[in-house]
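J.: Following this line is upload13.txt, made up of compact mmCIF, C-alpha atoms:
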```
# COMPACT_ATOMS: atom_id res chain seq x y z
CA MET A 24 24.94 -87.77 4.77
CA GLN A 25 25.77 -90.16 7.63
CA TYR A 26 24.17 -91.30 10.87
CA CYS A 27 25.41 -90.23 14.30
CA VAL A 28 24.19 -92.75 16.92
CA PHE A 29 23.88 -91.96 20.59
CA LYS A 30 23.36 -94.49 23.42
CA GLU A 31 21.53 -93.49 26.58
CA ALA A 32 22.00 -95.62 29.76
CA PRO A 33 20.48 -97.46 31.46
CA CYS A 34 17.80 -98.23 28.91
CA CYS A 35 20.28 -98.58 26.03
CA ILE A 36 17.84 -96.78 23.75
CA LEU A 37 19.48 -95.96 20.44
CA PHE A 38 18.68 -92.70 18.77
CA ALA A 39 19.68 -92.24 15.12
CA PHE A 40 19.81 -88.76 13.74
CA LEU A 41 20.29 -88.09 10.06
CA ILE A 42 22.64 -85.12 9.95
CA ASP A 43 25.32 -83.62 7.78
CA TRP A 44 28.57 -85.14 8.99
CA ASN A 45 30.41 -81.87 8.31
CA LEU A 46 28.55 -80.29 11.22
CA CYS A 47 29.34 -82.98 13.81
CA ASN A 48 32.66 -81.39 14.73
CA HIS A 49 32.40 -77.99 13.10
CA LYS A 50 34.47 -74.99 14.12
CA ILE A 51 32.67 -71.79 15.13
CA MET A 52 34.54 -68.58 14.40
CA LYS A 53 34.07 -64.90 13.68
CA LEU A 54 33.36 -63.91 10.10
CA SER A 55 36.35 -61.56 10.32
CA GLN A 56 38.70 -64.51 10.85
CA LEU A 57 37.71 -65.95 7.51
CA THR A 58 37.73 -62.65 5.59
CA THR A 59 41.05 -61.56 7.10
CA TYR A 60 42.64 -64.78 5.91
CA LEU A 61 41.21 -64.44 2.40
CA GLU A 62 42.43 -60.86 2.21
CA SER A 63 45.91 -61.93 3.31
CA LEU A 64 45.99 -64.11 0.18
CA ALA A 65 44.25 -61.60 -2.11
CA PRO A 66 44.43 -58.09 -0.62
CA LEU A 67 41.54 -55.80 -1.52
CA ALA A 68 44.10 -53.19 -2.59
CA TYR A 69 44.81 -55.32 -5.67
CA GLN A 70 41.27 -55.27 -7.07
CA GLU A 71 40.45 -53.17 -10.13
CA ASP A 72 38.91 -49.71 -9.71
CA TYR A 73 35.50 -50.82 -10.99
CA ASP A 74 35.30 -53.81 -8.67
CA ASN A 75 33.55 -54.30 -5.32
CA SER A 76 35.34 -57.18 -3.63
CA GLY A 77 35.16 -57.71 0.12
CA LEU A 78 32.36 -58.01 2.65
CA ILE A 79 29.20 -56.79 0.90
CA VAL A 80 26.60 -57.95 3.44
CA GLY A 81 27.22 -58.92 7.04
CA ASN A 82 28.85 -57.99 10.33
CA PRO A 83 32.54 -58.93 10.73
CA ASP A 84 31.83 -59.96 14.33
CA GLN A 85 29.01 -62.39 13.53
CA GLU A 86 29.67 -66.03 14.33
CA ILE A 87 29.78 -68.52 11.46
CA PHE A 88 30.18 -72.27 11.31
CA GLN A 89 29.49 -73.06 7.67
CA ALA A 90 30.19 -71.33 4.36
CA LEU A 91 28.75 -71.81 0.89
CA ILE A 92 31.07 -71.23 -2.08
CA SER A 93 29.78 -70.21 -5.50
CA LEU A 94 30.86 -68.36 -8.62
CA ASP A 95 27.86 -65.99 -8.50
CA CYS A 96 25.49 -64.88 -5.77
CA THR A 97 21.92 -65.28 -7.01
CA GLU A 98 18.56 -65.71 -5.30
CA ALA A 99 18.88 -69.46 -5.75
CA ILE A 100 22.27 -69.39 -4.03
CA VAL A 101 20.83 -67.49 -1.05
CA ASP A 102 17.99 -70.04 -0.86
CA GLU A 103 20.58 -72.82 -0.88
CA ALA A 104 22.47 -71.10 1.96
CA ILE A 105 19.25 -70.91 3.97
CA THR A 106 18.38 -74.57 3.33
CA THR A 107 21.87 -75.83 4.19
CA ASN A 108 22.28 -73.55 7.23
CA CYS A 109 25.23 -71.57 5.90
CA GLN A 110 25.94 -68.22 7.54
CA VAL A 111 28.13 -66.83 4.76
CA ILE A 112 28.27 -67.03 0.97
CA ILE A 113 31.70 -66.66 -0.61
CA SER A 114 31.31 -65.83 -4.29
CA HIS A 115 33.79 -64.87 -6.95
CA HIS A 116 31.57 -62.25 -8.58
CA PRO A 117 30.20 -59.43 -6.38
CA ILE A 118 26.42 -59.17 -6.29
CA VAL A 119 26.75 -55.37 -5.98
CA PHE A 120 29.00 -53.36 -8.30
CA LYS A 121 27.35 -49.95 -7.91
CA GLY A 122 25.54 -48.22 -5.08
CA LEU A 123 21.95 -49.29 -4.43
CA LYS A 124 19.56 -46.41 -3.86
CA LYS A 125 16.36 -48.39 -3.31
CA PHE A 126 15.38 -51.77 -1.90
CA ASN A 127 11.97 -52.51 -3.37
CA GLY A 128 12.71 -55.88 -4.96
CA LYS A 129 12.54 -54.70 -8.56
CA THR A 130 15.91 -56.23 -9.49
CA TYR A 131 17.52 -59.54 -8.62
CA VAL A 132 20.39 -57.62 -6.98
CA GLU A 133 18.02 -55.91 -4.55
CA ARG A 134 16.20 -59.17 -3.84
CA VAL A 135 19.43 -61.05 -3.15
CA VAL A 136 20.74 -58.41 -0.74
CA GLU A 137 17.38 -58.08 1.03
CA LYS A 138 16.94 -61.84 1.44
CA ALA A 139 20.49 -62.24 2.75
CA ILE A 140 19.98 -59.50 5.34
CA ARG A 141 16.60 -60.89 6.44
CA ASN A 142 18.18 -64.31 7.00
CA ASN A 143 21.38 -63.03 8.61
CA ILE A 144 23.54 -64.42 5.81
CA ALA A 145 26.78 -62.62 5.01
CA ILE A 146 27.95 -62.19 1.42
CA TYR A 147 31.63 -61.93 0.62
CA ALA A 148 33.15 -61.46 -2.85
CA ILE A 149 36.73 -62.20 -3.88
CA HIS A 150 36.94 -61.09 -7.50
CA THR A 151 39.65 -59.19 -9.39
CA ASN A 152 41.88 -59.15 -6.32
CA LEU A 153 42.00 -62.96 -6.68
CA ASP A 154 42.30 -62.68 -10.48
CA ASN A 155 45.39 -60.51 -10.08
CA MET A 156 47.30 -62.86 -7.77
CA MET A 157 50.10 -65.10 -9.01
CA ASN A 158 48.43 -68.09 -7.36
CA GLY A 159 44.89 -67.11 -8.19
CA VAL A 160 42.19 -67.75 -10.78
CA ASN A 161 44.44 -67.75 -13.83
CA LYS A 162 46.97 -70.08 -12.23
CA LYS A 163 44.09 -72.51 -11.67
CA ILE A 164 43.32 -72.38 -15.40
CA CYS A 165 47.00 -72.96 -16.22
CA ASP A 166 47.14 -75.94 -13.88
CA THR A 167 43.97 -77.39 -15.40
CA LEU A 168 45.52 -77.15 -18.87
CA GLY A 169 48.84 -78.56 -17.69
CA LEU A 170 50.87 -75.45 -18.50
CA VAL A 171 54.40 -75.02 -17.13
CA ASN A 172 56.78 -72.06 -16.71
CA CYS A 173 53.81 -69.81 -15.92
CA HIS A 174 54.06 -66.12 -15.13
CA ILE A 175 51.84 -63.03 -15.02
CA LEU A 176 50.92 -61.78 -18.49
CA ALA A 177 50.51 -58.08 -17.60
CA PRO A 178 52.26 -57.26 -14.30
CA LYS A 179 50.91 -54.22 -12.46
CA HIS A 180 52.77 -50.94 -12.01
CA GLY A 181 52.55 -48.60 -9.03
CA ILE A 182 52.25 -51.26 -6.36
CA LEU A 183 55.80 -51.25 -5.00
CA LYS A 184 57.28 -48.54 -2.78
CA LYS A 185 60.72 -48.07 -1.27
CA LEU A 186 61.57 -47.29 2.33
CA VAL A 187 64.90 -45.72 3.27
CA THR A 188 65.85 -45.30 6.92
CA TYR A 189 68.94 -44.63 9.02
CA VAL A 190 69.79 -46.76 12.04
CA PRO A 191 72.71 -46.95 14.49
CA HIS A 192 74.83 -50.07 13.97
CA SER A 193 73.69 -51.53 17.27
CA HIS A 194 70.07 -51.77 16.09
CA ALA A 195 70.43 -52.33 12.34
CA GLU A 196 69.70 -56.06 12.47
CA GLN A 197 66.76 -55.52 14.84
CA VAL A 198 65.19 -52.98 12.48
CA ARG A 199 65.79 -55.12 9.38
CA ASN A 200 64.15 -58.12 11.04
CA ALA A 201 61.13 -56.01 12.05
CA LEU A 202 60.70 -54.67 8.52
CA PHE A 203 60.97 -58.13 6.98
CA HIS A 204 58.48 -59.53 9.48
CA ALA A 205 56.03 -56.77 8.48
CA GLY A 206 56.23 -57.87 4.84
CA ALA A 207 58.97 -55.67 3.40
CA GLY A 208 61.82 -57.03 1.31
CA GLN A 209 59.81 -59.52 -0.76
CA ILE A 210 60.83 -59.61 -4.45
CA GLY A 211 59.52 -62.57 -6.45
CA ASN A 212 60.98 -65.77 -5.02
CA TYR A 213 63.32 -63.85 -2.71
CA SER A 214 62.58 -62.51 0.76
CA GLU A 215 64.42 -60.33 3.29
CA THR A 216 66.02 -58.23 0.54
CA SER A 217 67.63 -54.92 1.46
CA PHE A 218 70.53 -52.64 0.57
CA ASN A 219 72.77 -51.36 3.37
CA ALA A 220 75.38 -48.60 3.33
CA GLN A 221 77.58 -47.12 6.04
CA GLY A 222 77.56 -43.41 6.86
CA GLU A 223 77.33 -40.78 9.56
CA GLY A 224 74.25 -39.00 10.81
CA THR A 225 74.12 -35.79 12.82
CA PHE A 226 71.46 -34.36 15.10
CA LYS A 227 71.03 -31.91 17.96
CA GLY A 228 68.09 -32.20 20.32
CA ASN A 229 66.50 -29.25 22.08
CA GLU A 230 65.91 -28.98 25.80
CA ASP A 231 62.75 -31.11 25.57
CA SER A 232 64.43 -33.97 23.72
CA ASN A 233 65.44 -37.34 25.16
CA PRO A 234 68.00 -38.65 22.64
CA TYR A 235 69.03 -42.30 22.53
CA VAL A 236 72.68 -41.13 22.26
CA GLY A 237 74.26 -37.71 22.78
CA GLU A 238 73.16 -34.83 24.97
CA PRO A 239 70.36 -32.28 24.49
CA GLY A 240 71.68 -28.98 23.14
CA SER A 241 74.82 -30.53 21.60
CA ARG A 242 75.26 -31.73 18.05
CA HIS A 243 75.99 -35.44 17.94
CA THR A 244 77.55 -37.50 15.16
CA GLU A 245 76.59 -41.16 15.03
CA SER A 246 77.84 -43.97 12.79
CA GLU A 247 74.69 -45.29 11.09
CA VAL A 248 73.50 -47.81 8.52
CA ARG A 249 71.30 -46.66 5.66
CA ILE A 250 68.75 -49.42 5.06
CA GLU A 251 66.72 -49.58 1.84
CA THR A 252 63.97 -52.08 1.17
CA VAL A 253 60.78 -52.39 -0.89
CA TYR A 254 57.23 -53.22 0.09
CA PRO A 255 53.74 -53.31 -1.53
CA HIS A 256 51.80 -50.11 -0.85
CA ASN A 257 48.98 -51.88 0.98
CA LEU A 258 51.45 -52.83 3.76
CA GLU A 259 52.71 -49.29 4.32
CA SER A 260 51.11 -48.62 7.72
CA LYS A 261 52.25 -52.03 9.00
CA VAL A 262 55.82 -51.49 7.77
CA ILE A 263 56.08 -47.97 9.22
CA MET A 264 54.71 -49.14 12.57
CA ALA A 265 57.28 -51.95 12.66
CA LEU A 266 60.05 -49.45 11.88
CA VAL A 267 59.05 -47.02 14.61
CA LEU A 268 58.70 -49.73 17.25
CA ALA A 269 62.05 -51.35 16.44
CA HIS A 270 64.06 -48.15 15.98
CA PRO A 271 65.84 -46.80 19.10
CA TYR A 272 65.64 -43.10 18.18
CA GLU A 273 63.04 -40.77 19.65
CA GLU A 274 62.47 -39.29 16.17
CA VAL A 275 62.85 -41.83 13.37
CA ALA A 276 64.14 -40.51 10.06
CA TYR A 277 62.85 -42.30 6.97
CA ASP A 278 61.98 -41.60 3.33
CA LEU A 279 59.23 -43.16 1.21
CA TYR A 280 59.44 -43.41 -2.58
CA ASP A 281 56.85 -44.41 -5.18
CA LEU A 282 58.28 -46.91 -7.67
CA THR A 283 57.19 -47.47 -11.26
CA ASN A 284 58.61 -50.99 -11.30
CA GLN A 285 56.30 -53.82 -12.28
CA HIS A 286 55.25 -56.25 -9.57
CA GLN A 287 55.91 -59.62 -11.19
CA GLN A 288 53.63 -61.46 -8.76
CA ILE A 289 50.60 -59.19 -9.23
CA GLY A 290 48.72 -58.52 -12.46
CA ALA A 291 46.24 -59.64 -15.09
CA GLY A 292 46.27 -62.91 -17.01
CA MET A 293 48.97 -65.55 -17.20
CA ILE A 294 51.07 -67.19 -19.86
CA GLY A 295 52.67 -70.61 -19.82
CA GLU A 296 53.82 -73.42 -22.06
CA LEU A 297 52.55 -76.85 -22.99
CA GLU A 298 54.87 -79.74 -22.23
CA GLU A 299 54.70 -80.71 -25.92
CA HIS A 300 53.64 -78.90 -29.07
CA MET A 301 50.08 -79.55 -30.32
CA ASP A 302 48.40 -78.80 -33.60
CA GLU A 303 45.62 -76.24 -33.23
CA GLU A 304 42.68 -78.59 -33.72
CA THR A 305 44.02 -81.12 -31.20
CA PHE A 306 44.59 -78.28 -28.74
CA LEU A 307 41.01 -77.06 -29.09
CA PHE A 308 39.65 -80.56 -28.46
CA ASP A 309 41.87 -80.80 -25.36
CA LEU A 310 40.82 -77.31 -24.21
CA LYS A 311 37.12 -78.11 -24.66
CA GLU A 312 37.43 -81.28 -22.57
CA LYS A 313 39.58 -79.91 -19.75
CA MET A 314 37.63 -76.68 -19.34
CA LYS A 315 34.24 -78.43 -19.78
CA ALA A 316 33.27 -75.95 -22.46
CA ARG A 317 30.06 -76.58 -24.42
CA VAL A 318 31.38 -74.53 -27.34
CA ILE A 319 34.54 -72.61 -28.26
CA ARG A 320 34.36 -69.50 -30.43
CA HIS A 321 37.73 -68.98 -32.08
CA THR A 322 39.55 -67.17 -34.86
CA GLU A 323 40.99 -68.87 -37.92
CA TYR A 324 43.80 -71.35 -37.47
CA THR A 325 47.22 -69.76 -37.92
CA GLY A 326 48.69 -72.99 -39.26
CA ARG A 327 51.37 -72.98 -36.56
CA PRO A 328 51.74 -75.50 -33.72
CA VAL A 329 50.61 -74.47 -30.24
CA LYS A 330 53.25 -74.18 -27.51
CA LYS A 331 52.79 -70.87 -25.66
CA VAL A 332 49.34 -70.31 -24.20
CA ALA A 333 47.99 -67.08 -22.64
CA VAL A 334 44.90 -67.19 -20.41
CA CYS A 335 42.59 -64.78 -18.64
CA GLY A 336 39.52 -65.86 -16.71
CA GLY A 337 36.43 -63.81 -17.52
CA ALA A 338 36.46 -60.91 -19.97
CA GLY A 339 40.12 -60.60 -20.95
CA GLY A 340 40.03 -58.96 -24.36
CA PHE A 341 42.04 -56.01 -23.02
CA LEU A 342 45.04 -58.35 -22.72
CA LEU A 343 45.25 -59.33 -26.39
CA LYS A 344 48.17 -57.00 -27.13
CA HIS A 345 50.04 -58.43 -24.15
CA ALA A 346 49.42 -61.98 -25.35
CA ILE A 347 50.71 -61.10 -28.82
CA ALA A 348 53.77 -59.29 -27.42
CA ALA A 349 54.56 -62.31 -25.22
CA GLY A 350 54.56 -64.58 -28.27
CA ALA A 351 51.47 -66.61 -27.35
CA ASP A 352 50.16 -69.04 -29.95
CA VAL A 353 46.68 -69.09 -28.37
CA PHE A 354 44.85 -66.64 -26.11
CA ILE A 355 42.09 -68.22 -24.00
CA THR A 356 39.51 -65.92 -22.45
CA ALA A 357 35.80 -65.01 -22.69
CA ASP A 358 33.22 -62.39 -23.68
CA TYR A 359 34.78 -61.51 -27.05
CA LYS A 360 32.69 -59.30 -29.34
CA TYR A 361 32.39 -59.88 -33.08
CA HIS A 362 34.72 -57.11 -34.25
CA GLU A 363 37.30 -57.86 -31.57
CA PHE A 364 38.09 -61.22 -33.19
CA PHE A 365 39.58 -59.33 -36.15
CA ASP A 366 42.23 -57.87 -33.83
CA ALA A 367 44.09 -61.20 -33.75
CA GLU A 368 45.24 -60.45 -37.33
CA GLY A 369 46.61 -63.96 -37.71
CA LYS A 370 49.24 -63.39 -35.03
CA LEU A 371 47.63 -65.93 -32.71
CA MET A 372 44.37 -67.79 -32.25
CA ILE A 373 41.77 -66.36 -29.89
CA ALA A 374 39.71 -69.01 -28.11
CA ASP A 375 36.59 -67.74 -26.32
CA ILE A 376 35.39 -70.55 -24.04
CA GLY A 377 32.71 -68.59 -22.15
CA HIS A 378 32.79 -66.53 -18.96
CA PHE A 379 31.40 -69.17 -16.61
CA GLU A 380 33.52 -71.90 -18.17
CA SER A 381 36.73 -69.91 -17.78
CA GLU A 382 36.15 -69.29 -14.07
CA GLN A 383 34.19 -72.33 -12.94
CA PHE A 384 37.17 -73.95 -11.20
CA THR A 385 37.52 -70.90 -8.95
CA GLN A 386 34.93 -72.48 -6.66
CA GLN A 387 37.08 -75.57 -6.08
CA PHE A 388 40.16 -73.39 -5.68
CA LEU A 389 38.50 -71.36 -2.91
CA TYR A 390 37.32 -74.55 -1.24
CA GLU A 391 40.87 -75.90 -1.20
CA ILE A 392 42.57 -72.82 0.23
CA ILE A 393 39.94 -72.38 2.98
CA ARG A 394 40.01 -76.08 3.87
CA LYS A 395 43.82 -75.98 4.11
CA LYS A 396 43.72 -73.12 6.65
CA PHE A 397 40.55 -74.04 8.58
CA SER A 398 40.44 -77.83 8.46
CA THR A 399 37.57 -78.13 10.95
CA PHE A 400 35.43 -75.37 9.49
CA ALA A 401 32.44 -76.60 7.49
CA ILE A 402 32.51 -75.60 3.81
CA ARG A 403 30.29 -76.69 0.98
CA LEU A 404 30.36 -76.08 -2.76
CA THR A 405 27.13 -74.95 -4.33
CA GLU A 406 25.13 -77.57 -6.18
CA ILE A 407 23.65 -74.90 -8.44
CA ASN A 408 25.01 -74.04 -11.88
CA THR A 409 24.69 -70.25 -11.99
CA ASN A 410 25.72 -69.87 -15.63
CA PRO A 411 23.07 -67.57 -17.17
CA VAL A 412 24.14 -68.55 -20.70
CA LYS A 413 22.39 -71.59 -22.19
CA TYR A 414 23.40 -73.40 -25.38
CA PHE A 415 20.98 -74.73 -27.97
CA ILE A 416 22.92 -77.50 -29.71
```
Please lay out the structure from this file as structure tokens.
T.:
Amino acid sequence: MQYCVFKEAPCCILFAFLIDWNLCNHKIMKLSQLTTYLESLAPLAYQEDYDNSGLIVGNPDQEIFQALISLDCTEAIVDEAITTNCQVIISHHPIVFKGLKKFNGKTYVERVVEKAIRNNIAIYAIHTNLDNMMNGVNKKICDTLGLVNCHILAPKHGILKKLVTYVPHSHAEQVRNALFHAGAGQIGNYSETSFNAQGEGTFKGNEDSNPYVGEPGSRHTESEVRIETVYPHNLESKVIMALVLAHPYEEVAYDLYDLTNQHQQIGAGMIGELEEHMDEETFLFDLKEKMKARVIRHTEYTGRPVKKVAVCGGAGGFLLKHAIAAGADVFITADYKYHEFFDAEGKLMIADIGHFESEQFTQQFLYEIIRKKFSTFAIRLTEINTNPVKYFI
């Protein structure tokens, strides 16, 4: 908190107002501006089927000038938003996973949603869509642990598609540029990728046609370039629109193919390497300190040094087989059940650090990416620890 002092002539009376300095020069914008940016980084199309990321409460057109960031959205978080004059809560976990049929305040979910609506506070969740990004939640864990050579542990299938189109030589570069600008041609660290082949196309327009080349009623042969490129399925409408607008033909010929290739930048969990080998006990001490874990539940030591480390924020037990196949020495995650610990079978060490603990740095991560884009927009991190799990030590 700081003082803003105003001087009023001619009496030179000084007025001191205790205010939050963040709001002195705050930026007012539409809620949709913020959510559109977040979804450009973590598209909703990449969330898991069971999830409910996105705008849960609120009108995209409402004006906002301050956001509150938290891991969970609880009643206490909504109260904090009211007290600090925040118009939107950005949480990692959605407050609503399933449809609500009644609003009578019997559950904390109903009370949170009702209180947010009554106070005109929007609620936005960015959950498994952020988990599944290369530079998302799991990368934050890797960075915190100092891991290098990181990559997605279980890349997703069925995200990539291929576009094939046919363009006259005169417009081939124009069409390629339009497709690349729309987001096509991105493969890992490479952009503007395409395959091009020369050939001839034929067509004959009827009396109602207005062909770019040739005459209606006569078959025309044109030297063309076959352009192939890939794109993520969520960009399909944007890519097709770019193609149609850039292509000179009245009727644009193109083919779309579903690909089974893995998308190396999208998927669950991550795996990386320590700069130096550690013995297992030293690693656990380091893990406990860096991840601020009160307790670590783990399997027996394997007796091997730790070098490769797999991570998954939240409940990541489903990735154990991937961690083993990738040669991980340790798999860090949360929410492991008793019998699931047996599944390690001495092939690696499972380290359950707790759900909240594994994702707590997501709040700071969201703060940083929003601040980088909207430097004059007021953002605050919650001062409330929403972890529902307490430890009696």
J.: Which one is closest to Val267 of chain A: A:Asn152, A:Thr188, A:Thr97, A:Thr399? Count all atoms listed in the file.
T.: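 Of all the options, A:Thr188 lies closest to Val267 of chain A.
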J.: At what distance in Å, to one decimal, does atom CA of Val275 of chain A lie from atom CA of Ser260 of chain A?
T.: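 That distance, rounded to one decimal, is 14.7 Å.
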J.: With 6 Å as the cut-off and only C-alpha atoms counted, what is the closest atom pair between each nearby residue of segment 106-220 of chain A and segment 290-313 of chain A? Distances in Å to one decimal, ordered by chain and number, as JSON lines.
T.:
```
{"residue": "A:Asn155", "atom": "CA", "partner": "A:Gly290", "partner_atom": "CA", "distance": 4.6}
{"residue": "A:Leu170", "atom": "CA", "partner": "A:Leu297", "partner_atom": "CA", "distance": 5.0}
{"residue": "A:Val171", "atom": "CA", "partner": "A:Glu296", "partner_atom": "CA", "distance": 5.2}
{"residue": "A:Asn172", "atom": "CA", "partner": "A:Gly295", "partner_atom": "CA", "distance": 5.4}
{"residue": "A:Cys173", "atom": "CA", "partner": "A:Gly295", "partner_atom": "CA", "distance": 4.1}
{"residue": "A:His174", "atom": "CA", "partner": "A:Met293", "partner_atom": "CA", "distance": 5.5}
{"residue": "A:Ile175", "atom": "CA", "partner": "A:Met293", "partner_atom": "CA", "distance": 4.4}
{"residue": "A:Leu176", "atom": "CA", "partner": "A:Met293", "partner_atom": "CA", "distance": 4.4}
{"residue": "A:Ala177", "atom": "CA", "partner": "A:Ala291", "partner_atom": "CA", "distance": 5.2}
{"residue": "A:Pro178", "atom": "CA", "partner": "A:Gly290", "partner_atom": "CA", "distance": 4.2}
{"residue": "A:Lys179", "atom": "CA", "partner": "A:Gly290", "partner_atom": "CA", "distance": 4.8}
```
J.: Keeping only C-alpha atoms, write the selected residues to a file as a PDB file, in the coordinates of the input.
T.:
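And here's out-v2.pdb as it stands now:
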```pdb
ATOM      1  CA  ASN A 155      45.390 -60.510 -10.080  1.00  0.00           C
ATOM      2  CA  LEU A 170      50.870 -75.450 -18.500  1.00  0.00           C
ATOM      3  CA  VAL A 171      54.400 -75.020 -17.130  1.00  0.00           C
ATOM      4  CA  ASN A 172      56.780 -72.060 -16.710  1.00  0.00           C
ATOM      5  CA  CYS A 173      53.810 -69.810 -15.920  1.00  0.00           C
ATOM      6  CA  HIS A 174      54.060 -66.120 -15.130  1.00  0.00           C
ATOM      7  CA  ILE A 175      51.840 -63.030 -15.020  1.00  0.00           C
ATOM      8  CA  LEU A 176      50.920 -61.780 -18.490  1.00  0.00           C
ATOM      9  CA  ALA A 177      50.510 -58.080 -17.600  1.00  0.00           C
ATOM     10  CA  PRO A 178      52.260 -57.260 -14.300  1.00  0.00           C
ATOM     11  CA  LYS A 179      50.910 -54.220 -12.460  1.00  0.00           C
TER      12      LYS A 179
END
```
J.: I want to know what sits within 10 Å of Ser381 of chain A, based on all atoms listed in the file, with residues of the same chain fewer than 4 positions away left out; could you give that as a count of residues only?
T.: 19
J.: Give me the residues near Asp72 of chain A as an MDAnalysis selection string, where near means some atom within 12 Å (using only C-alpha atoms) and where sequence neighbours in that chain fewer than 5 positions away do not count.
T.: chainID A and resid 67 120:121 150:152
J.: Write segment 244-258 of chain A as a PDB file, in the coordinates of the input, completed to N, CA, C and O atoms.
T.:
```pdb
ATOM      1  N   THR A 244      77.275 -36.757  16.381  1.00  0.00           N
ATOM      2  CA  THR A 244      77.550 -37.500  15.160  1.00  0.00           C
ATOM      3  C   THR A 244      77.543 -38.983  15.488  1.00  0.00           C
ATOM      4  O   THR A 244      78.227 -39.421  16.421  1.00  0.00           O
ATOM      5  N   GLU A 245      76.741 -39.735  14.748  1.00  0.00           N
ATOM      6  CA  GLU A 245      76.590 -41.160  15.030  1.00  0.00           C
ATOM      7  C   GLU A 245      76.845 -41.981  13.757  1.00  0.00           C
ATOM      8  O   GLU A 245      76.351 -41.632  12.673  1.00  0.00           O
ATOM      9  N   SER A 246      77.621 -43.046  13.898  1.00  0.00           N
ATOM     10  CA  SER A 246      77.840 -43.970  12.790  1.00  0.00           C
ATOM     11  C   SER A 246      76.546 -44.768  12.568  1.00  0.00           C
ATOM     12  O   SER A 246      76.068 -45.436  13.490  1.00  0.00           O
ATOM     13  N   GLU A 247      75.987 -44.686  11.356  1.00  0.00           N
ATOM     14  CA  GLU A 247      74.690 -45.290  11.090  1.00  0.00           C
ATOM     15  C   GLU A 247      74.723 -46.156   9.825  1.00  0.00           C
ATOM     16  O   GLU A 247      75.637 -46.058   8.995  1.00  0.00           O
ATOM     17  N   VAL A 248      73.690 -46.988   9.702  1.00  0.00           N
ATOM     18  CA  VAL A 248      73.500 -47.810   8.520  1.00  0.00           C
ATOM     19  C   VAL A 248      72.269 -47.282   7.778  1.00  0.00           C
ATOM     20  O   VAL A 248      71.217 -47.085   8.383  1.00  0.00           O
ATOM     21  N   ARG A 249      72.439 -47.031   6.503  1.00  0.00           N
ATOM     22  CA  ARG A 249      71.300 -46.660   5.660  1.00  0.00           C
ATOM     23  C   ARG A 249      70.683 -47.955   5.125  1.00  0.00           C
ATOM     24  O   ARG A 249      71.337 -48.748   4.437  1.00  0.00           O
ATOM     25  N   ILE A 250      69.441 -48.206   5.475  1.00  0.00           N
ATOM     26  CA  ILE A 250      68.750 -49.420   5.060  1.00  0.00           C
ATOM     27  C   ILE A 250      67.696 -49.068   4.023  1.00  0.00           C
ATOM     28  O   ILE A 250      66.869 -48.188   4.250  1.00  0.00           O
ATOM     29  N   GLU A 251      67.733 -49.744   2.887  1.00  0.00           N
ATOM     30  CA  GLU A 251      66.720 -49.580   1.840  1.00  0.00           C
ATOM     31  C   GLU A 251      66.029 -50.912   1.608  1.00  0.00           C
ATOM     32  O   GLU A 251      66.679 -51.952   1.549  1.00  0.00           O
ATOM     33  N   THR A 252      64.716 -50.869   1.478  1.00  0.00           N
ATOM     34  CA  THR A 252      63.970 -52.080   1.170  1.00  0.00           C
ATOM     35  C   THR A 252      62.663 -51.705   0.484  1.00  0.00           C
ATOM     36  O   THR A 252      62.243 -50.544   0.544  1.00  0.00           O
ATOM     37  N   VAL A 253      62.041 -52.645  -0.183  1.00  0.00           N
ATOM     38  CA  VAL A 253      60.780 -52.390  -0.890  1.00  0.00           C
ATOM     39  C   VAL A 253      59.625 -53.085  -0.189  1.00  0.00           C
ATOM     40  O   VAL A 253      59.828 -54.034   0.582  1.00  0.00           O
ATOM     41  N   TYR A 254      58.418 -52.622  -0.498  1.00  0.00           N
ATOM     42  CA  TYR A 254      57.230 -53.220   0.090  1.00  0.00           C
ATOM     43  C   TYR A 254      56.022 -52.863  -0.782  1.00  0.00           C
ATOM     44  O   TYR A 254      56.031 -51.834  -1.476  1.00  0.00           O
ATOM     45  N   PRO A 255      54.965 -53.674  -0.794  1.00  0.00           N
ATOM     46  CA  PRO A 255      53.740 -53.310  -1.530  1.00  0.00           C
ATOM     47  C   PRO A 255      52.993 -52.233  -0.762  1.00  0.00           C
ATOM     48  O   PRO A 255      52.953 -52.233   0.476  1.00  0.00           O
ATOM     49  N   HIS A 256      52.392 -51.290  -1.489  1.00  0.00           N
ATOM     50  CA  HIS A 256      51.800 -50.110  -0.850  1.00  0.00           C
ATOM     51  C   HIS A 256      50.735 -50.432   0.181  1.00  0.00           C
ATOM     52  O   HIS A 256      50.547 -49.682   1.136  1.00  0.00           O
ATOM     53  N   ASN A 257      50.042 -51.578   0.030  1.00  0.00           N
ATOM     54  CA  ASN A 257      48.980 -51.880   0.980  1.00  0.00           C
ATOM     55  C   ASN A 257      49.525 -52.249   2.367  1.00  0.00           C
ATOM     56  O   ASN A 257      48.781 -52.287   3.343  1.00  0.00           O
ATOM     57  N   LEU A 258      50.836 -52.499   2.467  1.00  0.00           N
ATOM     58  CA  LEU A 258      51.450 -52.830   3.760  1.00  0.00           C
ATOM     59  C   LEU A 258      52.135 -51.632   4.411  1.00  0.00           C
ATOM     60  O   LEU A 258      52.811 -51.790   5.432  1.00  0.00           O
TER      61      LEU A 258
END
```
